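Colleague: Sharing a structure with you now.
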Amino acid sequence: CSTPCSAAADDPAGAAFDAAGTPLAAPLQGVLQLRPYPVLHLPDGRPVLLGGDGKRGAAPDPALDGRAVMAAGWLTSRGSLAMLVPDAPPAPLADPLPAPAVEPLGRWRVTGEICDGKCAAGAMRPGTGLAHRACAVLCLDGELPPVLVAEAPLAGSALLLLGGPEGGPMPAALRPLIGLRVTLEGHVERRGGLLVLLADPASAVAR
């Protein structure tokens, strides 16, 4: 559609919501990391966020954290961001795979918009305004991974997975700022091909 789809749909979590995905011809294999949100790191360095059906997040077995797994399902992607909606729980592999390298990049101040990773990855066309914000709030309430879409690239990427200062999920204090222009400060890490912003909620300023 030519306008943000969230503005035209009463419930974007219906069948049309996931129709943007492409079924994988073969399962993906990689190392699964669960904090701050589930991400499958492929051997070539590409990160793939994991989500659930509609507006629900993925809930892999905690025992698989840090292990090599195989997962199949529907893939959505936009630019460098991809999300897989598995059609079955990830399955452990017998042989290990290399874990993604972790590179601390220091403390940064970043301005952008907090969006849900599913829409940002192509399941819907990200937009602006109240309908877009309401859609993102519902997605993040369902524990889909939040992404900060930065106004200017940081270390080569304008898309940062958003977590809390201790490495866990996005702090609840940031939820009123979903879908708004906001400036955040926090430590940034590069994990394989993924940038992660561990944001300090006390630093948040709405613009």
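Residues are named by chain letter and number: chains run A, B, ... in the order of the structure tokens, numbers start at 1 in each chain, and ligands are numbered from 1 in the order shown.
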With range 145-151 of chain A as the partner and 10 Å as the cut-off, tabulate the residues of range 25-88 of chain A that qualify, each row holding the nearest pair of atoms and their distance in Å to one decimal, using only C-alpha atoms, sorted by chain and rising number, as CSV.

Modeller:
```
residue,atom,partner,partner_atom,distance
A:Pro36,CA,A:Pro145,CA,8.3
A:Tyr37,CA,A:Pro145,CA,5.8
A:Pro38,CA,A:Pro145,CA,7.9
A:Val39,CA,A:Pro145,CA,9.3
A:Leu49,CA,A:Pro145,CA,7.6
A:Leu50,CA,A:Pro145,CA,8.1
A:Gly51,CA,A:Pro145,CA,7.6
A:Arg56,CA,A:Pro145,CA,9.7
A:Gly57,CA,A:Pro145,CA,7.1
A:Ala58,CA,A:Pro145,CA,9.0
A:Leu81,CA,A:Val147,CA,9.8
A:Met83,CA,A:Pro145,CA,9.8
```

Colleague: Could you please take those selected residues and save N, CA and C atoms as a short mmCIF file (atom, residue, chain, number, x, y, z; two decimals), in the first residue's frame?

Modeller:
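Saved as part-v7.cif:
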```cif
data_model
loop_
_atom_site.label_atom_id
_atom_site.label_comp_id
_atom_site.auth_asym_id
_atom_site.auth_seq_id
_atom_site.Cartn_x
_atom_site.Cartn_y
_atom_site.Cartn_z
N PRO A 36 19.37 -9.44 24.52
CA PRO A 36 18.15 -9.06 25.23
C PRO A 36 16.88 -9.66 24.62
N TYR A 37 16.98 -10.14 23.36
CA TYR A 37 15.86 -10.79 22.67
C TYR A 37 16.44 -11.89 21.79
N PRO A 38 15.62 -12.89 21.43
CA PRO A 38 16.15 -14.01 20.65
C PRO A 38 16.68 -13.59 19.28
N VAL A 39 17.93 -13.95 19.02
CA VAL A 39 18.59 -13.67 17.74
C VAL A 39 19.34 -14.92 17.31
N LEU A 49 16.63 -11.84 13.71
CA LEU A 49 15.76 -11.78 14.89
C LEU A 49 14.72 -12.88 14.80
N LEU A 50 14.25 -13.35 15.96
CA LEU A 50 13.19 -14.34 15.99
C LEU A 50 11.91 -13.70 16.53
N GLY A 51 10.80 -13.99 15.87
CA GLY A 51 9.50 -13.51 16.33
C GLY A 51 8.50 -14.65 16.31
N ARG A 56 3.17 -11.54 18.59
CA ARG A 56 3.79 -12.26 19.70
C ARG A 56 5.26 -12.48 19.45
N GLY A 57 6.04 -12.39 20.51
CA GLY A 57 7.45 -12.68 20.40
C GLY A 57 7.74 -14.16 20.41
N ALA A 58 8.96 -14.52 20.07
CA ALA A 58 9.39 -15.91 20.11
C ALA A 58 9.74 -16.29 21.55
N LEU A 81 18.16 -5.78 8.12
CA LEU A 81 17.39 -6.37 9.21
C LEU A 81 16.53 -7.51 8.71
N MET A 83 13.93 -10.96 10.11
CA MET A 83 13.25 -11.66 11.20
C MET A 83 12.68 -12.96 10.68
#
```

Colleague: In range 2-196 of chain A, what's strand (DSSP E) per DSSP? Answer as number ranges by chain?

Modeller: A: 22-23, 28-33, 39-41, 47-50, 68-71, 73-78, 81-86, 91-92, 102-116, 146-154, 157-163, 181-191, 194-196

Colleague: Pick out each residue of chain A that DSSP on the backbone tags as alpha helix (DSSP H); I need them as a list of chain:residue names.

Modeller: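 Alpha helix (DSSP H) assignments inside chain A correspond to A:Ala15, A:Ala16, A:Phe17, A:Asp18, A:Gly117, A:Lys118, A:Leu130, A:Ala131, A:His132, A:Arg133, A:Ala134, A:Cys135, A:Ala136, A:Val137, A:Leu138, A:Cys139, A:Leu140, A:Asp141.
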
Colleague: So, counting only C-alpha atoms, which residue among A:Cys139, A:Leu159, A:Leu154, A:Val102 is closest to Asp53 in chain A?

Modeller: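 Of A:Cys139, A:Leu159, A:Leu154, A:Val102, the one nearest Asp53 in chain A, counting only C-alpha atoms, is A:Cys139.
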
Colleague: Write out as a tab-separated table (two decimals) with N, CA, C and O atoms, in the first residue's frame each polymer residue whose atoms come within 9 Å of Val137 in chain A, counting only C-alpha atoms; drop sequence neighbours fewer than 3 positions from it.

Modeller:
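The resulting file, part_37.tsv, is reproduced below:
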```tsv
chain	number	residue	atom	x	y	z
A	115	CYS	N	10.89	1.21	17.37
A	115	CYS	CA	9.93	0.49	16.54
A	115	CYS	C	10.02	-0.99	16.89
A	115	CYS	O	10.99	-1.44	17.49
A	116	ASP	N	9.00	-1.76	16.54
A	116	ASP	CA	9.12	-3.21	16.74
A	116	ASP	C	9.89	-3.81	15.57
A	116	ASP	O	9.78	-3.37	14.43
A	132	HIS	N	0.58	4.10	13.55
A	132	HIS	CA	1.87	3.41	13.57
A	132	HIS	C	2.32	3.20	15.02
A	132	HIS	O	2.78	2.11	15.38
A	133	ARG	N	2.18	4.22	15.84
A	133	ARG	CA	2.63	4.10	17.23
A	133	ARG	C	1.80	3.06	17.98
A	133	ARG	O	2.33	2.25	18.74
A	134	ALA	N	0.48	3.05	17.77
A	134	ALA	CA	-0.38	2.08	18.45
A	134	ALA	C	-0.02	0.67	18.04
A	134	ALA	O	0.00	-0.25	18.86
A	140	LEU	N	5.25	-4.60	20.80
A	140	LEU	CA	6.24	-4.68	21.86
A	140	LEU	C	5.61	-5.17	23.16
A	140	LEU	O	6.31	-5.80	23.97
A	141	ASP	N	4.33	-4.92	23.36
A	141	ASP	CA	3.65	-5.54	24.51
A	141	ASP	C	3.63	-7.06	24.37
A	141	ASP	O	3.63	-7.78	25.38
A	142	GLY	N	3.62	-7.55	23.14
A	142	GLY	CA	3.66	-8.99	22.88
A	142	GLY	C	5.07	-9.56	22.92
A	142	GLY	O	5.26	-10.72	22.58
A	175	ARG	N	8.67	2.45	27.40
A	175	ARG	CA	7.47	2.13	26.63
A	175	ARG	C	6.64	3.36	26.25
A	175	ARG	O	6.08	3.40	25.15
A	176	PRO	N	6.54	4.41	27.11
A	176	PRO	CA	5.79	5.59	26.67
A	176	PRO	C	6.42	6.31	25.48
A	176	PRO	O	5.78	7.18	24.88
A	178	ILE	N	7.65	4.72	22.72
A	178	ILE	CA	7.57	3.92	21.49
A	178	ILE	C	6.92	4.75	20.39
A	178	ILE	O	5.89	5.40	20.58
A	179	GLY	N	7.52	4.73	19.21
A	179	GLY	CA	6.96	5.42	18.06
A	179	GLY	C	7.20	6.91	18.05
A	179	GLY	O	6.70	7.61	17.15
```

Colleague: Skipping near chain neighbours, those fewer than 4 positions away, what residues fall within 8 Å of Pro47 in chain A using only C-alpha atoms, listed as a ChimeraX atom specification?

Modeller: /A:39-42,81-82,192-194

Colleague: If we count only C-alpha atoms and set the cut-off at 12 Å, which residues sit around Ala94 in chain A, ignoring sequence neighbours fewer than 3 positions away in its own chain? Please answer as a ChimeraX atom specification.

Modeller: /A:29,67-70,91,97

Colleague: Write the residues you've just listed into a file as a compact mmCIF listing (two decimals), in the first residue's frame, and include all heavy atoms for each of them.

Modeller:
```txt
# COMPACT_ATOMS: atom_id res chain seq x y z
N GLN A 29 20.77 -22.36 10.04
CA GLN A 29 21.57 -22.87 11.14
C GLN A 29 22.43 -21.75 11.69
O GLN A 29 23.00 -20.96 10.93
CB GLN A 29 22.46 -24.03 10.68
CG GLN A 29 21.70 -25.24 10.21
CD GLN A 29 22.61 -26.41 9.87
OE1 GLN A 29 23.82 -26.34 10.05
NE2 GLN A 29 22.02 -27.50 9.40
N ARG A 67 23.65 -21.99 22.08
CA ARG A 67 23.90 -23.26 21.38
C ARG A 67 23.62 -23.13 19.89
O ARG A 67 22.88 -22.24 19.44
CB ARG A 67 23.03 -24.36 21.97
CG ARG A 67 23.36 -24.71 23.42
CD ARG A 67 22.58 -25.93 23.87
NE ARG A 67 22.86 -27.10 23.04
CZ ARG A 67 22.25 -28.28 23.18
NH1 ARG A 67 21.34 -28.44 24.14
NH2 ARG A 67 22.56 -29.30 22.39
N ALA A 68 24.20 -24.03 19.13
CA ALA A 68 23.93 -24.11 17.69
C ALA A 68 22.57 -24.77 17.49
O ALA A 68 22.29 -25.83 18.07
CB ALA A 68 25.02 -24.90 16.99
N VAL A 69 21.72 -24.14 16.68
CA VAL A 69 20.37 -24.65 16.45
C VAL A 69 20.04 -24.57 14.96
O VAL A 69 20.73 -23.91 14.17
CB VAL A 69 19.31 -23.88 17.26
CG1 VAL A 69 19.61 -23.92 18.75
CG2 VAL A 69 19.20 -22.44 16.77
N MET A 70 18.94 -25.22 14.60
CA MET A 70 18.38 -25.17 13.27
C MET A 70 16.95 -24.68 13.39
O MET A 70 16.21 -25.12 14.28
CB MET A 70 18.43 -26.56 12.63
CG MET A 70 17.80 -26.67 11.26
SD MET A 70 18.06 -28.33 10.55
CE MET A 70 17.18 -29.34 11.76
N ALA A 91 15.62 -26.36 16.87
CA ALA A 91 16.12 -27.68 17.30
C ALA A 91 17.63 -27.63 17.46
O ALA A 91 18.33 -27.06 16.61
CB ALA A 91 15.74 -28.74 16.28
N LEU A 97 28.71 -24.48 16.32
CA LEU A 97 29.00 -23.46 15.32
C LEU A 97 29.70 -22.30 16.02
O LEU A 97 29.54 -22.10 17.23
CB LEU A 97 27.72 -22.98 14.65
CG LEU A 97 26.98 -23.98 13.75
CD1 LEU A 97 25.63 -23.43 13.32
CD2 LEU A 97 27.83 -24.31 12.52
```

Colleague: One number please: CA of Val196 in chain A to CA of Val31 in chain A, in Å, one decimal.

Modeller: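 Distance reported for this atom pair: 16.4 Å.
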
Colleague: Could you check how far CA of Leu184 in chain A sits from CA of Ala199 in chain A, in Å to one decimal?

Modeller: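 Straight-line distance from CA of Leu184 in chain A to CA of Ala199 in chain A works out to 6.4 Å.
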
Colleague: To one decimal in Å, tell me the separation between CA of Val110 in chain A and CA of Pro165 in chain A.

Modeller: 14.6 Å

Colleague: Using only C-alpha atoms, pick whichever of A:Leu144, A:Ala172, A:Leu32, A:Ile114 has the shortest atom-to-atom distance to Leu197 in chain A.

Modeller: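 Among the listed residues, the smallest separation from Leu197 in chain A belongs to A:Ile114.
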